[in-house]
Structure formats: structure tokens, C-alpha cells
Amino acid sequence: MITIVARCVVKKGCKEDFVAAVQKMITESRKEPGNVSYTLMKDVDNEDALAFIEEWKDPDAIEEHGAQLHFREGIGNIRELIESMDIVKYEAV
């Protein structure tokens, strides 16, 4: 299993728009066969930072996820709302 942490820092005043813009992506991603979990979390110390915490069965599931229309649209919807995005993949030791 692979865990992805995709941390986004949103522009001031854009958090609600960001959350609304990714709802379909979250819902549809959870339905993908290779998805274990997909959650949007807020940073308790920085109100403008949010992170997608995603768990996927394997690299193929992640590749398939990246090809999905709901994912591509979701990323397109947030491009203008974010200051930065960092994506890190993890595996259990």
C-alpha cells in the first residue's frame, strides 16, 4: 500500500472555494477500485493549509487515478486557488 500526502497552501480567502472545488474529486476517488482511503484534512496550525491523505493499493492504482477525469478536473479547479502544493508518497517500513 502507498500513502500519498498532497499538501496545499491556499491563497488567503480561498479555503471555502478550494473545499467546494474538490468535493466531486474526493467522492469519485473513493469509488476507484484501487483506493483504500481518501481524506481532505486541515492543518491545525495554519488555516490556509490543507492536505489530501490518500491510500492506494499499489502504484498501478495511483497511475489509474491520475488518468481519471474527476481527478484531472479537480486539479484544474484548484490551480488558481493555491499558493503551493507538495506531494510525497510513503510506504510502510
# chains A, B, ... in the order shown; residues from 1 in each chain; ligands from 1
$ residues_around --residues "region 85-93 of chain A" --least-positions-apart "2" --cutoff "8 Å" --atoms "only C-alpha atoms" --output "VMD selection string"
chain A and resid 1 to 9 82 to 83
$ write_last_selection --atoms "N, CA, C and O atoms" --output "PDB file, in the first residue's frame"
ATOM      1  N   MET A   1       0.846  -1.179   0.000  1.00  0.00           N
ATOM      2  CA  MET A   1       0.000   0.000   0.000  1.00  0.00           C
ATOM      3  C   MET A   1       0.890   1.240   0.000  1.00  0.00           C
ATOM      4  O   MET A   1       1.941   1.262   0.617  1.00  0.00           O
ATOM      5  N   ILE A   2       0.424   2.253  -0.699  1.00  0.00           N
ATOM      6  CA  ILE A   2       1.143   3.518  -0.782  1.00  0.00           C
ATOM      7  C   ILE A   2       0.250   4.635  -0.247  1.00  0.00           C
ATOM      8  O   ILE A   2      -0.929   4.714  -0.601  1.00  0.00           O
ATOM      9  N   THR A   3       0.826   5.467   0.596  1.00  0.00           N
ATOM     10  CA  THR A   3       0.112   6.634   1.123  1.00  0.00           C
ATOM     11  C   THR A   3       0.678   7.873   0.464  1.00  0.00           C
ATOM     12  O   THR A   3       1.891   8.044   0.384  1.00  0.00           O
ATOM     13  N   ILE A   4      -0.230   8.722  -0.005  1.00  0.00           N
ATOM     14  CA  ILE A   4       0.166   9.998  -0.590  1.00  0.00           C
ATOM     15  C   ILE A   4      -0.299  11.108   0.337  1.00  0.00           C
ATOM     16  O   ILE A   4      -1.441  11.101   0.799  1.00  0.00           O
ATOM     17  N   VAL A   5       0.600  12.039   0.596  1.00  0.00           N
ATOM     18  CA  VAL A   5       0.244  13.260   1.312  1.00  0.00           C
ATOM     19  C   VAL A   5       0.458  14.404   0.327  1.00  0.00           C
ATOM     20  O   VAL A   5       1.593  14.675  -0.076  1.00  0.00           O
ATOM     21  N   ALA A   6      -0.645  15.015  -0.094  1.00  0.00           N
ATOM     22  CA  ALA A   6      -0.594  16.136  -1.031  1.00  0.00           C
ATOM     23  C   ALA A   6      -1.024  17.378  -0.269  1.00  0.00           C
ATOM     24  O   ALA A   6      -2.208  17.614  -0.042  1.00  0.00           O
ATOM     25  N   ARG A   7      -0.038  18.168   0.165  1.00  0.00           N
ATOM     26  CA  ARG A   7      -0.297  19.348   0.994  1.00  0.00           C
ATOM     27  C   ARG A   7      -0.431  20.587   0.116  1.00  0.00           C
ATOM     28  O   ARG A   7       0.439  20.871  -0.704  1.00  0.00           O
ATOM     29  N   CYS A   8      -1.524  21.292   0.307  1.00  0.00           N
ATOM     30  CA  CYS A   8      -1.804  22.506  -0.457  1.00  0.00           C
ATOM     31  C   CYS A   8      -1.897  23.695   0.486  1.00  0.00           C
ATOM     32  O   CYS A   8      -2.539  23.605   1.531  1.00  0.00           O
ATOM     33  N   VAL A   9      -1.260  24.784   0.109  1.00  0.00           N
ATOM     34  CA  VAL A   9      -1.444  26.049   0.808  1.00  0.00           C
ATOM     35  C   VAL A   9      -2.293  26.900  -0.122  1.00  0.00           C
ATOM     36  O   VAL A   9      -1.901  27.171  -1.261  1.00  0.00           O
ATOM     37  N   ILE A  82      -4.536  27.974  -5.224  1.00  0.00           N
ATOM     38  CA  ILE A  82      -3.448  27.563  -4.335  1.00  0.00           C
ATOM     39  C   ILE A  82      -2.181  28.384  -4.543  1.00  0.00           C
ATOM     40  O   ILE A  82      -1.897  28.854  -5.639  1.00  0.00           O
ATOM     41  N   GLU A  83      -1.457  28.527  -3.436  1.00  0.00           N
ATOM     42  CA  GLU A  83      -0.122  29.146  -3.462  1.00  0.00           C
ATOM     43  C   GLU A  83       0.921  28.095  -3.817  1.00  0.00           C
ATOM     44  O   GLU A  83       1.856  28.363  -4.563  1.00  0.00           O
TER      45      GLU A  83
END
$ select_by_dssp --residues "chain A" --states "alpha helix (DSSP H)" --output "PyMOL selection string"
chain A and resi 15-30+59-67+69-78
$ write_last_selection --atoms "N, CA and C atoms" --output "short mmCIF file (atom, residue, chain, number, x, y, z; two decimals), in the first residue's frame"
data_model
loop_
_atom_site.label_atom_id
_atom_site.label_comp_id
_atom_site.auth_asym_id
_atom_site.auth_seq_id
_atom_site.Cartn_x
_atom_site.Cartn_y
_atom_site.Cartn_z
N LYS A 15 -10.10 29.26 0.98
CA LYS A 15 -10.26 27.91 1.54
C LYS A 15 -11.62 27.31 1.24
N GLU A 16 -12.70 28.07 1.42
CA GLU A 16 -14.03 27.53 1.18
C GLU A 16 -14.22 27.17 -0.29
N ASP A 17 -13.70 28.00 -1.19
CA ASP A 17 -13.78 27.70 -2.62
C ASP A 17 -12.99 26.44 -2.95
N PHE A 18 -11.83 26.29 -2.33
CA PHE A 18 -11.00 25.11 -2.54
C PHE A 18 -11.74 23.85 -2.11
N VAL A 19 -12.29 23.87 -0.93
CA VAL A 19 -13.01 22.70 -0.40
C VAL A 19 -14.19 22.35 -1.31
N ALA A 20 -14.93 23.34 -1.74
CA ALA A 20 -16.07 23.09 -2.64
C ALA A 20 -15.59 22.52 -3.97
N ALA A 21 -14.45 23.02 -4.47
CA ALA A 21 -13.95 22.61 -5.78
C ALA A 21 -13.47 21.16 -5.82
N VAL A 22 -13.12 20.59 -4.66
CA VAL A 22 -12.59 19.22 -4.65
C VAL A 22 -13.58 18.16 -4.18
N GLN A 23 -14.78 18.54 -3.85
CA GLN A 23 -15.74 17.57 -3.31
C GLN A 23 -16.02 16.42 -4.28
N LYS A 24 -16.24 16.73 -5.55
CA LYS A 24 -16.51 15.66 -6.53
C LYS A 24 -15.28 14.76 -6.67
N MET A 25 -14.09 15.36 -6.70
CA MET A 25 -12.87 14.58 -6.83
C MET A 25 -12.73 13.61 -5.66
N ILE A 26 -13.01 14.07 -4.46
CA ILE A 26 -12.91 13.21 -3.28
C ILE A 26 -13.92 12.07 -3.36
N THR A 27 -15.16 12.40 -3.64
CA THR A 27 -16.22 11.39 -3.70
C THR A 27 -15.92 10.32 -4.76
N GLU A 28 -15.53 10.77 -5.94
CA GLU A 28 -15.27 9.83 -7.04
C GLU A 28 -13.99 9.04 -6.82
N SER A 29 -12.97 9.65 -6.22
CA SER A 29 -11.73 8.94 -5.95
C SER A 29 -11.95 7.78 -4.98
N ARG A 30 -12.81 7.97 -4.02
CA ARG A 30 -13.11 6.92 -3.05
C ARG A 30 -13.77 5.71 -3.70
N PRO A 59 1.15 1.01 -7.02
CA PRO A 59 1.47 2.07 -7.98
C PRO A 59 0.52 2.11 -9.19
N ASP A 60 0.05 0.96 -9.63
CA ASP A 60 -0.88 0.93 -10.75
C ASP A 60 -2.17 1.67 -10.43
N ALA A 61 -2.64 1.55 -9.20
CA ALA A 61 -3.86 2.25 -8.78
C ALA A 61 -3.65 3.76 -8.80
N ILE A 62 -2.46 4.20 -8.42
CA ILE A 62 -2.14 5.63 -8.45
C ILE A 62 -2.09 6.13 -9.89
N GLU A 63 -1.48 5.35 -10.76
CA GLU A 63 -1.41 5.74 -12.16
C GLU A 63 -2.82 5.83 -12.76
N GLU A 64 -3.66 4.87 -12.45
CA GLU A 64 -5.04 4.89 -12.94
C GLU A 64 -5.79 6.10 -12.39
N HIS A 65 -5.57 6.42 -11.14
CA HIS A 65 -6.20 7.58 -10.51
C HIS A 65 -5.84 8.87 -11.27
N GLY A 66 -4.58 9.01 -11.61
CA GLY A 66 -4.12 10.20 -12.31
C GLY A 66 -4.74 10.38 -13.69
N ALA A 67 -5.24 9.30 -14.26
CA ALA A 67 -5.85 9.35 -15.59
C ALA A 67 -7.35 9.64 -15.54
N LEU A 69 -10.93 11.38 -15.16
CA LEU A 69 -11.46 12.71 -15.47
C LEU A 69 -11.74 13.51 -14.20
N HIS A 70 -12.32 12.87 -13.17
CA HIS A 70 -12.64 13.61 -11.94
C HIS A 70 -11.38 14.14 -11.27
N PHE A 71 -10.28 13.40 -11.38
CA PHE A 71 -9.01 13.88 -10.81
C PHE A 71 -8.48 15.06 -11.62
N ARG A 72 -8.43 14.92 -12.92
CA ARG A 72 -7.90 15.98 -13.78
C ARG A 72 -8.74 17.25 -13.66
N GLU A 73 -10.05 17.10 -13.59
CA GLU A 73 -10.92 18.27 -13.41
C GLU A 73 -10.72 18.91 -12.04
N GLY A 74 -10.62 18.08 -11.01
CA GLY A 74 -10.42 18.59 -9.65
C GLY A 74 -9.14 19.39 -9.52
N ILE A 75 -8.06 18.87 -10.08
CA ILE A 75 -6.79 19.60 -10.04
C ILE A 75 -6.91 20.90 -10.83
N GLY A 76 -7.57 20.84 -11.97
CA GLY A 76 -7.78 22.05 -12.76
C GLY A 76 -8.58 23.10 -12.01
N ASN A 77 -9.55 22.66 -11.22
CA ASN A 77 -10.40 23.58 -10.46
C ASN A 77 -9.65 24.32 -9.36
N ILE A 78 -8.57 23.74 -8.85
CA ILE A 78 -7.88 24.37 -7.72
C ILE A 78 -6.61 25.12 -8.11
#
$ select_by_dssp --residues "chain A" --states "strand (DSSP E or B)" --output "JSON, numbers by chain"
{"A": [2, 3, 4, 5, 6, 7, 8, 9, 10, 35, 36, 37, 38, 39, 40, 41, 42, 49, 50, 51, 52, 53, 54, 55, 56, 82, 83, 84, 85, 86, 87, 88, 89, 90, 91]}
$ residues_around --residues "Val36 (chain A)" --least-positions-apart "4" --cutoff "9 Å" --atoms "only C-alpha atoms" --output "short mmCIF file (atom, residue, chain, number, x, y, z; two decimals) with all heavy atoms, in the first residue's frame"
data_model
loop_
_atom_site.label_atom_id
_atom_site.label_comp_id
_atom_site.auth_asym_id
_atom_site.auth_seq_id
_atom_site.Cartn_x
_atom_site.Cartn_y
_atom_site.Cartn_z
N MET A 1 0.85 -1.18 0.00
CA MET A 1 0.00 0.00 0.00
C MET A 1 0.89 1.24 0.00
O MET A 1 1.94 1.26 0.62
CB MET A 1 -0.91 0.00 1.23
CG MET A 1 -1.88 1.15 1.23
SD MET A 1 -3.17 1.07 2.49
CE MET A 1 -2.26 0.88 3.99
N ARG A 30 -12.81 7.97 -4.02
CA ARG A 30 -13.11 6.92 -3.05
C ARG A 30 -13.77 5.71 -3.70
O ARG A 30 -13.72 4.61 -3.16
CB ARG A 30 -14.03 7.47 -1.95
CG ARG A 30 -13.32 8.41 -1.02
CD ARG A 30 -14.28 9.02 -0.02
NE ARG A 30 -13.58 9.90 0.91
CZ ARG A 30 -14.18 10.79 1.67
NH1 ARG A 30 -15.50 10.95 1.62
NH2 ARG A 30 -13.48 11.54 2.50
N GLU A 32 -12.88 4.50 -6.65
CA GLU A 32 -11.95 3.80 -7.52
C GLU A 32 -11.54 2.47 -6.89
O GLU A 32 -11.32 2.38 -5.68
CB GLU A 32 -10.71 4.66 -7.76
CG GLU A 32 -10.99 5.89 -8.59
CD GLU A 32 -9.75 6.72 -8.83
OE1 GLU A 32 -8.70 6.13 -9.20
OE2 GLU A 32 -9.83 7.95 -8.65
N GLU A 54 -4.13 10.14 1.13
CA GLU A 54 -4.68 9.12 0.25
C GLU A 54 -3.94 7.80 0.46
O GLU A 54 -2.72 7.80 0.60
CB GLU A 54 -4.50 9.52 -1.22
CG GLU A 54 -4.92 10.93 -1.54
CD GLU A 54 -4.46 11.37 -2.91
OE1 GLU A 54 -4.27 10.51 -3.81
OE2 GLU A 54 -4.27 12.58 -3.11
N GLU A 55 -4.67 6.71 0.44
CA GLU A 55 -4.06 5.39 0.50
C GLU A 55 -4.51 4.61 -0.73
O GLU A 55 -5.70 4.56 -1.03
CB GLU A 55 -4.46 4.64 1.76
CG GLU A 55 -3.92 5.29 3.03
CD GLU A 55 -4.35 4.56 4.28
OE1 GLU A 55 -5.57 4.36 4.46
OE2 GLU A 55 -3.45 4.19 5.06
N TRP A 56 -3.52 4.03 -1.41
CA TRP A 56 -3.76 3.30 -2.65
C TRP A 56 -3.16 1.91 -2.55
O TRP A 56 -2.13 1.72 -1.90
CB TRP A 56 -3.15 4.06 -3.83
CG TRP A 56 -3.79 5.39 -4.01
CD1 TRP A 56 -3.38 6.59 -3.48
CD2 TRP A 56 -5.01 5.66 -4.70
NE1 TRP A 56 -4.26 7.58 -3.82
CE2 TRP A 56 -5.27 7.04 -4.57
CE3 TRP A 56 -5.89 4.89 -5.42
CZ2 TRP A 56 -6.39 7.65 -5.14
CZ3 TRP A 56 -7.00 5.49 -6.00
CH2 TRP A 56 -7.23 6.86 -5.85
N LYS A 57 -3.80 0.94 -3.21
CA LYS A 57 -3.35 -0.45 -3.13
C LYS A 57 -1.94 -0.65 -3.68
O LYS A 57 -1.16 -1.42 -3.14
CB LYS A 57 -4.33 -1.37 -3.86
CG LYS A 57 -5.64 -1.52 -3.14
CD LYS A 57 -6.56 -2.47 -3.87
CE LYS A 57 -7.89 -2.57 -3.11
NZ LYS A 57 -8.85 -3.40 -3.82
#
$ atom_distance --atom1 "CA of Arg79 (chain A)" --atom2 "CA of Val10 (chain A)"
9.6 Å
$ atom_distance --atom1 "CA of Val44 (chain A)" --atom2 "CA of Lys31 (chain A)"
27.9 Å
$ atom_distance --atom1 "CA of Cys14 (chain A)" --atom2 "CA of Tyr38 (chain A)"
21.4 Å
